[in-house]
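These notes concern the structure reproduced below.
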Amino acid sequence: MSLLYVIVAFVFFASILIARKAKKKTMNLPPGPPKLPIIGNLHQLGSQPHRSLTKLSEKYGPLMSLKFGKVSTVVASTPETVKDVLKTFDVDCCSRPYLTYPARITYGLNDIAFSPYSNYWREVRKVAVVELFTGKRVQSFRRSREEEVASFVDFVKQSASSENLVNFNQKLMKLSGSVTCRVGFGINLKGSKLENTYEEVIQGTMEVLGSFAAADYFPVIGQLIDRITGLHSKCEKVFKAMDAFFDQSIKYHLEDESIKDDIIALLLKMEREETGHGEFQFTRNHTKGILLDILIGGIDTSAHTVTWVMTHLIANPRVMKKVQAEVREVIKNKDNIIEEDIEQLEYLKMVIRETLRINLLLPLLIPREASRDLKIGGYDIPKKTWIQVNVWAIHRNPNIWKDPEVFIPERFMDKDIDYKGVNFELLPFGSGRRMCPGMNLGMALVHLTLINLLYRFDWKLPDGMDAKDVDLEESYGLVSPKKIPLELIPVITQWT
Ligand code: HEM
């Protein structure tokens with residue numbers, strides 16, 4: 001009798017497998033490179049996946065099929081295919097795949113960025129957009145930004161007096177970290193217990209989130225590999241440190257109810273159901289998950305954007321001269337610099353757009369997942385396929401951008417193209433339902449910092465270095481910062 005059960009079970013599972021295989025065979029998947037057993041196309045990713053995928057898409061097409069371990073992936077690489085994913089089929093392509101370590105660090109996907117498309121995500125994203133990232137709130141954080149930028153300017157002045165190098169990667173992370181901690185956590189980093197530890201915690205978190213995680217691609221054995229490489233224990237270590245940081249900040253808020261104007265205060269209100277938004281029961285883990293998004297979304301992105309702008313300017317003396325002349329002309333009779341001055345700085349706006357074109361910080365955005373079987377451009381995209389949007393390929397496509405490797409802000413003079421998610425040729429913040437909700441908050445700091453740096457100081461490369469020696473290589477992780485830190489000497493001017 002038991003043998004009969006075994007035979008019936010065997011026939012049942014075998015027929016499911018055969019039916020699945022037959023279905024796959026009849027599917028019209030997008031073209032892609034041949035796959036190796038077990039690893040699929042993982043060996044073709046290299047250390048800079050956005051560049052490798054761009055090369056492969058030149059051969060296999062704008063919608064390309066690959067397999068990474070067990071994960072079937074489709075890569076979209078032109079404005080047309082990306083528009084299909086982010087606009088036409090946005091609702092079916094806007095989920096996120098389950099990623100092992102982001103899931104752990106976000107308290108079980110209780111955040112916005114890594115959470116799958118679900119009632120929770122819709123609810124929390126709506127609240128974030130109408131409460132956290134509104135123009136009014138961006139304005140309400142203005143004072144924190146102005147004070148922190150002023151203190152950064154003082155530091156640069158001191159460096160200029162002693163002709164010391166300013167390490168942009170490091171110092172700008174400190175600046176955006178201080179602003180984020182004030183607006184998000186109501187904490188003044190300077191002099192606080194966290195001043196010396198937070199950088200390590202943030203950096204560790206970014207490293208874990210940006211690392212290749214075998215667990216995402218190989219069931220069971222992947223977990224083992226991550227334990228051997230140390231990724232698993234590193235994740236646990238940063239999770240504990242981050243959790244302690246959040247607990248400390250929340251405790252400080254609970255003890256002092258007069259703090260009303262920062263993001264934790266708002267999230268605690270949501271826990272107490274005082275915001276009147278939706279029916280979702282918000283818990284402490286949701287609060288912490290969203291705080292994590294604020295930290296990872298707010299610190300690296302703005303800091304690295306400013307670093308990349310300054311890198312391109314120092315490598316292009318003609319552009320530096322022109323943009324400084326504009327900034328000085330517009331600001332010269334004003335009492336103080338404010339972020340809205342950007343509205344009159346047409347050339348600086350072009351410089352920023354050109355920088356975000358050449359060095360966008362998330363070259364592949366954040367991976368998406370198809371939530372049902374789809375047909376895009378005549379090809380089948382089965383449910384659960386990961387979808388990578390290769391914005392980097394679009395930004396470097398010579399059919400869209402003439403001389404795409406060259407830094408030419410003037411190219412935007414006769415192009416009415418902005419980065420706000422409607423032009424599919426320029427998508428540094430993504431587009432559609434998953435588009436970055438923190439764009440205005442991040443760019444307010446980018447604008448204020450740049451105007452100050454360009455108005456008040458001239459900039460020199462270290463002795464022996466020439467503009468043509470400036471290194472433009474990016475590294476790859478969750479974001480793509482400049483690989484070799486930018487170090488410049490500030491020079492005091494009549495405007496300092
Ligand atoms: C210059 C600054 C910034 C850049 C370049 C940037 C870029 C991006 C990009 C490319 C995405 C992925 C979009 C996608 O997957 O389609 C994203 C998502 C996100 N960003 Fe930003 N970001 C910036 C600033 C910020 C700031 C300041 C915050 C918050 C304080 C923030 C919070 C988020 C969140 C929560 C998401 C996930 C959205 C979702 O999945 O629904 N970002 N950002």
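By order in the structure tokens, chains are A, B, ...; within a chain, residues start at 1; ligands start at 1, following the order shown.
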
| request: List all protein, DNA and RNA residues that have an atom no more than 7 Å from any atom of ligand 1, counting only C-alpha atoms and all ligand atoms, and report them as an NGL selection string. | output: :A and (112-114 or 125 or 293-295 or 297-299 or 301-302 or 305 or 360-362 or 365-367 or 428-431 or 433-439 or 441-443 or 446)

With N, CA, C and O atoms kept, could you save the residues just selected as a tab-separated table (two decimals), in the first residue's frame?
chain	number	residue	atom	x	y	z
A	112	ILE	N	9.95	51.05	3.48
A	112	ILE	CA	9.30	51.41	2.20
A	112	ILE	C	10.09	50.83	1.02
A	112	ILE	O	9.53	50.23	0.11
A	113	ALA	N	11.42	51.00	1.06
A	113	ALA	CA	12.24	50.72	-0.12
A	113	ALA	C	12.29	49.25	-0.53
A	113	ALA	O	12.31	48.93	-1.71
A	114	PHE	N	12.33	48.33	0.45
A	114	PHE	CA	12.50	46.92	0.11
A	114	PHE	C	11.21	46.12	0.26
A	114	PHE	O	11.17	44.93	-0.01
A	125	ARG	N	3.62	54.27	1.98
A	125	ARG	CA	4.16	55.17	0.95
A	125	ARG	C	3.26	56.43	0.86
A	125	ARG	O	3.74	57.54	0.74
A	293	ASP	N	15.24	53.53	6.23
A	293	ASP	CA	15.17	54.13	4.89
A	293	ASP	C	15.67	55.57	4.89
A	293	ASP	O	16.34	56.01	3.97
A	294	ILE	N	15.29	56.29	5.97
A	294	ILE	CA	15.69	57.70	6.04
A	294	ILE	C	17.22	57.79	6.12
A	294	ILE	O	17.84	58.62	5.45
A	295	LEU	N	17.81	56.90	6.92
A	295	LEU	CA	19.26	56.92	7.04
A	295	LEU	C	19.95	56.54	5.74
A	295	LEU	O	20.82	57.26	5.25
A	297	GLY	N	18.66	56.34	2.74
A	297	GLY	CA	18.25	57.18	1.60
A	297	GLY	C	18.81	58.57	1.70
A	297	GLY	O	19.12	59.21	0.71
A	298	GLY	N	18.96	59.05	2.94
A	298	GLY	CA	19.29	60.47	3.10
A	298	GLY	C	20.76	60.80	3.13
A	298	GLY	O	21.15	61.90	2.75
A	299	ILE	N	21.60	59.87	3.59
A	299	ILE	CA	22.98	60.26	3.85
A	299	ILE	C	23.87	60.12	2.61
A	299	ILE	O	24.41	61.08	2.09
A	301	THR	N	23.27	59.41	-0.55
A	301	THR	CA	22.85	59.94	-1.86
A	301	THR	C	23.24	61.41	-2.03
A	301	THR	O	23.88	61.76	-3.02
A	302	SER	N	22.85	62.26	-1.07
A	302	SER	CA	23.14	63.69	-1.23
A	302	SER	C	24.65	63.92	-1.20
A	302	SER	O	25.19	64.69	-2.00
A	305	THR	N	26.31	62.82	-4.41
A	305	THR	CA	25.93	63.67	-5.55
A	305	THR	C	26.81	64.92	-5.56
A	305	THR	O	27.36	65.30	-6.60
A	360	LEU	N	24.88	58.65	-12.05
A	360	LEU	CA	23.70	58.45	-11.21
A	360	LEU	C	24.07	57.46	-10.11
A	360	LEU	O	24.89	56.56	-10.31
A	361	LEU	N	23.46	57.64	-8.95
A	361	LEU	CA	23.94	56.88	-7.79
A	361	LEU	C	23.40	55.47	-7.70
A	361	LEU	O	24.02	54.60	-7.11
A	362	LEU	N	22.22	55.24	-8.28
A	362	LEU	CA	21.71	53.86	-8.29
A	362	LEU	C	21.55	53.46	-9.76
A	362	LEU	O	20.47	53.58	-10.33
A	365	LEU	N	18.73	51.20	-10.31
A	365	LEU	CA	17.65	51.48	-9.35
A	365	LEU	C	17.66	50.40	-8.26
A	365	LEU	O	18.71	49.86	-7.95
A	366	ILE	N	16.48	50.08	-7.71
A	366	ILE	CA	16.40	48.96	-6.74
A	366	ILE	C	15.64	47.86	-7.49
A	366	ILE	O	14.65	48.16	-8.17
A	367	PRO	N	16.07	46.57	-7.40
A	367	PRO	CA	15.42	45.56	-8.23
A	367	PRO	C	13.92	45.46	-8.00
A	367	PRO	O	13.42	45.70	-6.90
A	428	PRO	N	17.59	59.54	-12.76
A	428	PRO	CA	18.42	59.25	-11.57
A	428	PRO	C	17.60	58.97	-10.31
A	428	PRO	O	18.13	58.43	-9.34
A	429	PHE	N	16.30	59.33	-10.30
A	429	PHE	CA	15.45	59.05	-9.14
A	429	PHE	C	14.40	57.99	-9.47
A	429	PHE	O	13.46	57.79	-8.72
A	430	GLY	N	14.54	57.33	-10.64
A	430	GLY	CA	13.53	56.36	-11.06
A	430	GLY	C	12.28	57.07	-11.57
A	430	GLY	O	12.30	58.27	-11.86
A	431	SER	N	11.19	56.31	-11.64
A	431	SER	CA	9.92	56.86	-12.12
A	431	SER	C	8.81	55.92	-11.67
A	431	SER	O	9.07	54.79	-11.27
A	433	ARG	N	5.52	54.34	-9.53
A	433	ARG	CA	5.11	54.14	-8.13
A	433	ARG	C	6.28	54.07	-7.16
A	433	ARG	O	6.15	54.40	-6.00
A	434	ARG	N	7.41	53.54	-7.62
A	434	ARG	CA	8.55	53.35	-6.73
A	434	ARG	C	9.56	54.49	-6.80
A	434	ARG	O	10.65	54.38	-6.24
A	435	MET	N	9.22	55.54	-7.52
A	435	MET	CA	10.18	56.64	-7.67
A	435	MET	C	10.59	57.18	-6.29
A	435	MET	O	9.79	57.14	-5.34
A	436	CYS	N	11.82	57.69	-6.19
A	436	CYS	CA	12.32	58.18	-4.91
A	436	CYS	C	11.39	59.24	-4.31
A	436	CYS	O	11.17	60.29	-4.92
A	437	PRO	N	10.86	59.01	-3.11
A	437	PRO	CA	10.01	60.03	-2.49
A	437	PRO	C	10.81	61.14	-1.83
A	437	PRO	O	10.27	62.18	-1.48
A	438	GLY	N	12.14	60.93	-1.65
A	438	GLY	CA	12.96	61.90	-0.91
A	438	GLY	C	13.72	62.85	-1.82
A	438	GLY	O	14.62	63.55	-1.35
A	439	MET	N	13.34	62.88	-3.11
A	439	MET	CA	14.10	63.68	-4.09
A	439	MET	C	14.24	65.15	-3.65
A	439	MET	O	15.35	65.70	-3.62
A	441	LEU	N	13.86	66.56	-0.73
A	441	LEU	CA	14.61	66.68	0.52
A	441	LEU	C	16.11	66.56	0.24
A	441	LEU	O	16.92	67.36	0.69
A	442	GLY	N	16.48	65.55	-0.56
A	442	GLY	CA	17.90	65.33	-0.88
A	442	GLY	C	18.46	66.48	-1.70
A	442	GLY	O	19.55	66.98	-1.42
A	443	MET	N	17.69	66.94	-2.68
A	443	MET	CA	18.23	67.97	-3.58
A	443	MET	C	18.33	69.33	-2.88
A	443	MET	O	19.16	70.15	-3.25
A	446	VAL	N	21.71	69.28	-1.52
A	446	VAL	CA	22.68	69.32	-2.62
A	446	VAL	C	22.82	70.77	-3.12
A	446	VAL	O	23.93	71.30	-3.27

Quick check for you: according to DSSP on this backbone, which residues of range 272-385 of chain A are classed as alpha helix (DSSP H)? Reply as a short mmCIF file (atom, residue, chain, number, x, y, z; two decimals) with N, CA, C and O atoms, in the first residue's frame.
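And here is the file that came out, out.cif:
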data_model
loop_
_atom_site.label_atom_id
_atom_site.label_comp_id
_atom_site.auth_asym_id
_atom_site.auth_seq_id
_atom_site.Cartn_x
_atom_site.Cartn_y
_atom_site.Cartn_z
N ARG A 284 6.21 49.39 16.31
CA ARG A 284 7.57 49.91 16.52
C ARG A 284 8.51 49.43 15.41
O ARG A 284 9.41 50.15 14.98
N ASN A 285 8.30 48.20 14.92
CA ASN A 285 9.16 47.70 13.84
C ASN A 285 8.97 48.50 12.55
O ASN A 285 9.90 48.69 11.78
N HIS A 286 7.73 48.96 12.30
CA HIS A 286 7.52 49.81 11.12
C HIS A 286 8.28 51.12 11.29
O HIS A 286 8.93 51.61 10.36
N THR A 287 8.18 51.69 12.50
CA THR A 287 8.90 52.93 12.77
C THR A 287 10.39 52.75 12.47
O THR A 287 11.01 53.54 11.76
N LYS A 288 10.94 51.65 12.99
CA LYS A 288 12.38 51.44 12.81
C LYS A 288 12.73 51.16 11.34
O LYS A 288 13.76 51.60 10.85
N GLY A 289 11.88 50.41 10.67
CA GLY A 289 12.12 50.11 9.24
C GLY A 289 12.18 51.40 8.44
O GLY A 289 13.07 51.59 7.58
N ILE A 290 11.26 52.31 8.72
CA ILE A 290 11.24 53.57 7.96
C ILE A 290 12.42 54.46 8.35
O ILE A 290 13.02 55.12 7.49
N LEU A 291 12.80 54.41 9.62
CA LEU A 291 13.99 55.18 10.03
C LEU A 291 15.22 54.69 9.27
O LEU A 291 16.08 55.47 8.88
N LEU A 292 15.26 53.39 9.04
CA LEU A 292 16.39 52.86 8.28
C LEU A 292 16.41 53.45 6.87
O LEU A 292 17.46 53.85 6.36
N ASP A 293 15.24 53.53 6.23
CA ASP A 293 15.17 54.13 4.89
C ASP A 293 15.67 55.57 4.89
O ASP A 293 16.34 56.01 3.97
N ILE A 294 15.29 56.29 5.97
CA ILE A 294 15.69 57.70 6.04
C ILE A 294 17.22 57.79 6.12
O ILE A 294 17.84 58.62 5.45
N LEU A 295 17.81 56.90 6.92
CA LEU A 295 19.26 56.92 7.04
C LEU A 295 19.95 56.54 5.74
O LEU A 295 20.82 57.26 5.25
N ILE A 296 19.54 55.41 5.17
CA ILE A 296 20.27 54.98 3.97
C ILE A 296 19.90 55.83 2.76
O ILE A 296 20.70 56.05 1.87
N GLY A 297 18.66 56.34 2.74
CA GLY A 297 18.25 57.18 1.60
C GLY A 297 18.81 58.57 1.70
O GLY A 297 19.12 59.21 0.71
N GLY A 298 18.96 59.05 2.94
CA GLY A 298 19.29 60.47 3.10
C GLY A 298 20.76 60.80 3.13
O GLY A 298 21.15 61.90 2.75
N ILE A 299 21.60 59.87 3.59
CA ILE A 299 22.98 60.26 3.85
C ILE A 299 23.87 60.12 2.61
O ILE A 299 24.41 61.08 2.09
N ASP A 300 24.00 58.89 2.13
CA ASP A 300 24.93 58.66 1.03
C ASP A 300 24.57 59.41 -0.24
O ASP A 300 25.44 59.95 -0.92
N THR A 301 23.27 59.41 -0.55
CA THR A 301 22.85 59.94 -1.86
C THR A 301 23.24 61.41 -2.03
O THR A 301 23.88 61.76 -3.02
N SER A 302 22.85 62.26 -1.07
CA SER A 302 23.14 63.69 -1.23
C SER A 302 24.65 63.92 -1.20
O SER A 302 25.19 64.69 -2.00
N ALA A 303 25.33 63.24 -0.26
CA ALA A 303 26.78 63.45 -0.13
C ALA A 303 27.50 63.07 -1.41
O ALA A 303 28.33 63.83 -1.93
N HIS A 304 27.20 61.91 -1.96
CA HIS A 304 27.91 61.48 -3.16
C HIS A 304 27.54 62.30 -4.38
O HIS A 304 28.35 62.47 -5.29
N THR A 305 26.31 62.82 -4.41
CA THR A 305 25.93 63.67 -5.55
C THR A 305 26.81 64.92 -5.56
O THR A 305 27.36 65.30 -6.60
N VAL A 306 26.98 65.55 -4.37
CA VAL A 306 27.82 66.76 -4.32
C VAL A 306 29.27 66.40 -4.69
O VAL A 306 29.94 67.11 -5.44
N THR A 307 29.75 65.26 -4.18
CA THR A 307 31.14 64.86 -4.50
C THR A 307 31.31 64.69 -6.01
O THR A 307 32.30 65.14 -6.59
N TRP A 308 30.32 64.05 -6.65
CA TRP A 308 30.45 63.85 -8.11
C TRP A 308 30.42 65.18 -8.86
O TRP A 308 31.16 65.38 -9.82
N VAL A 309 29.56 66.10 -8.40
CA VAL A 309 29.51 67.41 -9.09
C VAL A 309 30.89 68.07 -8.99
O VAL A 309 31.45 68.53 -9.99
N MET A 310 31.47 68.10 -7.79
CA MET A 310 32.77 68.76 -7.60
C MET A 310 33.86 68.02 -8.39
O MET A 310 34.80 68.64 -8.89
N THR A 311 33.74 66.70 -8.50
CA THR A 311 34.73 65.94 -9.27
C THR A 311 34.70 66.37 -10.74
O THR A 311 35.74 66.64 -11.35
N HIS A 312 33.50 66.46 -11.29
CA HIS A 312 33.42 66.84 -12.71
C HIS A 312 33.85 68.29 -12.92
O HIS A 312 34.45 68.62 -13.94
N LEU A 313 33.56 69.14 -11.94
CA LEU A 313 33.96 70.55 -12.10
C LEU A 313 35.48 70.70 -12.06
O LEU A 313 36.05 71.42 -12.87
N ILE A 314 36.12 69.98 -11.14
CA ILE A 314 37.58 70.15 -11.03
C ILE A 314 38.27 69.50 -12.25
O ILE A 314 39.33 69.92 -12.68
N ALA A 315 37.60 68.51 -12.83
CA ALA A 315 38.17 67.87 -14.02
C ALA A 315 37.91 68.70 -15.28
O ALA A 315 38.48 68.44 -16.34
N PRO A 317 37.97 72.55 -15.96
CA PRO A 317 38.16 73.93 -15.49
C PRO A 317 37.26 74.94 -16.22
O PRO A 317 36.80 75.91 -15.61
N ARG A 318 36.98 74.71 -17.50
CA ARG A 318 36.12 75.65 -18.24
C ARG A 318 34.74 75.72 -17.58
O ARG A 318 34.19 76.80 -17.33
N VAL A 319 34.19 74.56 -17.25
CA VAL A 319 32.85 74.52 -16.65
C VAL A 319 32.88 75.12 -15.25
O VAL A 319 31.98 75.87 -14.85
N MET A 320 33.95 74.80 -14.49
CA MET A 320 34.08 75.35 -13.12
C MET A 320 34.06 76.88 -13.18
O MET A 320 33.34 77.54 -12.42
N LYS A 321 34.83 77.45 -14.11
CA LYS A 321 34.91 78.91 -14.21
C LYS A 321 33.53 79.49 -14.54
O LYS A 321 33.08 80.46 -13.92
N LYS A 322 32.86 78.84 -15.49
CA LYS A 322 31.58 79.37 -15.95
C LYS A 322 30.52 79.29 -14.84
O LYS A 322 29.77 80.23 -14.62
N VAL A 323 30.50 78.17 -14.12
CA VAL A 323 29.46 78.01 -13.09
C VAL A 323 29.75 78.93 -11.90
O VAL A 323 28.83 79.51 -11.31
N GLN A 324 31.04 79.10 -11.57
CA GLN A 324 31.36 80.01 -10.45
C GLN A 324 31.01 81.45 -10.81
O GLN A 324 30.50 82.20 -9.98
N ALA A 325 31.24 81.82 -12.07
CA ALA A 325 30.91 83.18 -12.52
C ALA A 325 29.40 83.40 -12.37
O ALA A 325 28.95 84.43 -11.88
N GLU A 326 28.63 82.40 -12.76
CA GLU A 326 27.17 82.54 -12.65
C GLU A 326 26.74 82.68 -11.19
O GLU A 326 25.98 83.58 -10.81
N VAL A 327 27.25 81.77 -10.34
CA VAL A 327 26.86 81.78 -8.93
C VAL A 327 27.23 83.13 -8.29
O VAL A 327 26.44 83.74 -7.58
N ARG A 328 28.44 83.61 -8.59
CA ARG A 328 28.90 84.86 -7.95
C ARG A 328 28.11 86.07 -8.45
O ARG A 328 27.80 86.98 -7.69
N GLU A 329 27.73 86.03 -9.71
CA GLU A 329 26.94 87.12 -10.27
C GLU A 329 25.56 87.18 -9.61
O GLU A 329 25.07 88.23 -9.22
N VAL A 330 24.94 86.01 -9.43
CA VAL A 330 23.58 85.97 -8.88
C VAL A 330 23.57 86.28 -7.37
O VAL A 330 22.70 86.96 -6.85
N ILE A 331 24.59 85.77 -6.66
CA ILE A 331 24.55 85.86 -5.19
C ILE A 331 25.14 87.16 -4.65
O ILE A 331 24.87 87.56 -3.52
N GLU A 346 20.71 78.90 -13.72
CA GLU A 346 20.38 77.98 -14.81
C GLU A 346 21.55 77.07 -15.17
O GLU A 346 21.36 75.88 -15.43
N TYR A 347 22.76 77.62 -15.17
CA TYR A 347 23.90 76.80 -15.57
C TYR A 347 24.23 75.76 -14.50
O TYR A 347 24.51 74.60 -14.82
N LEU A 348 24.13 76.16 -13.22
CA LEU A 348 24.38 75.19 -12.15
C LEU A 348 23.37 74.04 -12.24
O LEU A 348 23.71 72.87 -12.04
N LYS A 349 22.11 74.37 -12.58
CA LYS A 349 21.11 73.30 -12.71
C LYS A 349 21.52 72.32 -13.81
O LYS A 349 21.38 71.12 -13.67
N MET A 350 22.09 72.87 -14.90
CA MET A 350 22.54 71.98 -16.00
C MET A 350 23.71 71.12 -15.55
O MET A 350 23.81 69.95 -15.89
N VAL A 351 24.62 71.74 -14.74
CA VAL A 351 25.78 70.99 -14.23
C VAL A 351 25.29 69.81 -13.38
O VAL A 351 25.80 68.68 -13.48
N ILE A 352 24.27 70.06 -12.56
CA ILE A 352 23.77 68.99 -11.69
C ILE A 352 23.10 67.89 -12.53
O ILE A 352 23.33 66.70 -12.32
N ARG A 353 22.30 68.30 -13.50
CA ARG A 353 21.66 67.29 -14.36
C ARG A 353 22.69 66.44 -15.09
O ARG A 353 22.57 65.23 -15.18
N GLU A 354 23.74 67.13 -15.60
CA GLU A 354 24.77 66.40 -16.35
C GLU A 354 25.51 65.43 -15.42
O GLU A 354 25.86 64.32 -15.81
N THR A 355 25.72 65.85 -14.17
CA THR A 355 26.38 64.95 -13.21
C THR A 355 25.48 63.74 -12.93
O THR A 355 25.95 62.60 -12.92
N LEU A 356 24.18 64.00 -12.72
CA LEU A 356 23.28 62.87 -12.43
C LEU A 356 23.10 61.98 -13.66
O LEU A 356 22.71 60.83 -13.54
N ARG A 357 23.39 62.52 -14.84
CA ARG A 357 23.34 61.67 -16.03
C ARG A 357 24.56 60.75 -16.04
O ARG A 357 24.44 59.53 -16.17
N ILE A 358 25.75 61.35 -15.86
CA ILE A 358 26.97 60.53 -15.99
C ILE A 358 27.16 59.64 -14.77
O ILE A 358 27.57 58.50 -14.88
#

How close does range 398-488 of chain A get to range 64-80 of chain A? List, as a Markdown table, each residue of range 398-488 of chain A within 12 Å, its nearest atom pair and the distance in Å to one decimal, counting only C-alpha atoms.
| residue | atom | partner | partner_atom | distance |
| --- | --- | --- | --- | --- |
| A:Pro398 | CA | A:Thr78 | CA | 11.5 |
| A:Asn399 | CA | A:Thr78 | CA | 10.2 |
| A:Ile400 | CA | A:Pro79 | CA | 9.2 |
| A:Gly421 | CA | A:Pro79 | CA | 11.6 |
| A:Val422 | CA | A:Pro79 | CA | 10.9 |
| A:Asn423 | CA | A:Pro79 | CA | 8.5 |
| A:Phe424 | CA | A:Pro79 | CA | 5.0 |
| A:Glu425 | CA | A:Pro79 | CA | 5.8 |
| A:Leu426 | CA | A:Pro79 | CA | 8.8 |
| A:Leu427 | CA | A:Pro79 | CA | 9.5 |
| A:Gly430 | CA | A:Pro79 | CA | 11.8 |
| A:Ser431 | CA | A:Pro79 | CA | 11.6 |

| request: Give me the residues within 8 Å of Tyr98 in chain A as a PyMOL selection string, counting only C-alpha atoms and dropping any in the same chain fewer than 3 places off. | output: chain A and resi 103+114+116+216

| request: Tell me, as a PyMOL selection string, which residues lie within 9 Å of Arg104 in chain A, counting only C-alpha atoms; anything in the same chain fewer than 4 positions away does not count. | output: chain A and resi 99-100+108-109+235-236+239

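As for CA of Glu148 in chain A and CA of Leu175 in chain A, they are spaced 6.6 Å apart.
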
| query | Residues at most 6 Å from range 258-271 of chain A, counting only C-alpha atoms, excluding those fewer than 5 positions away in the same chain, as a count of residues only? | reply | 7

| Polymer residues at most 9 Å from Lys460 in chain A, only C-alpha atoms, same-chain spacing of 2 or more positions, as a ChimeraX atom specification | /A:314,458,462-463,488-491
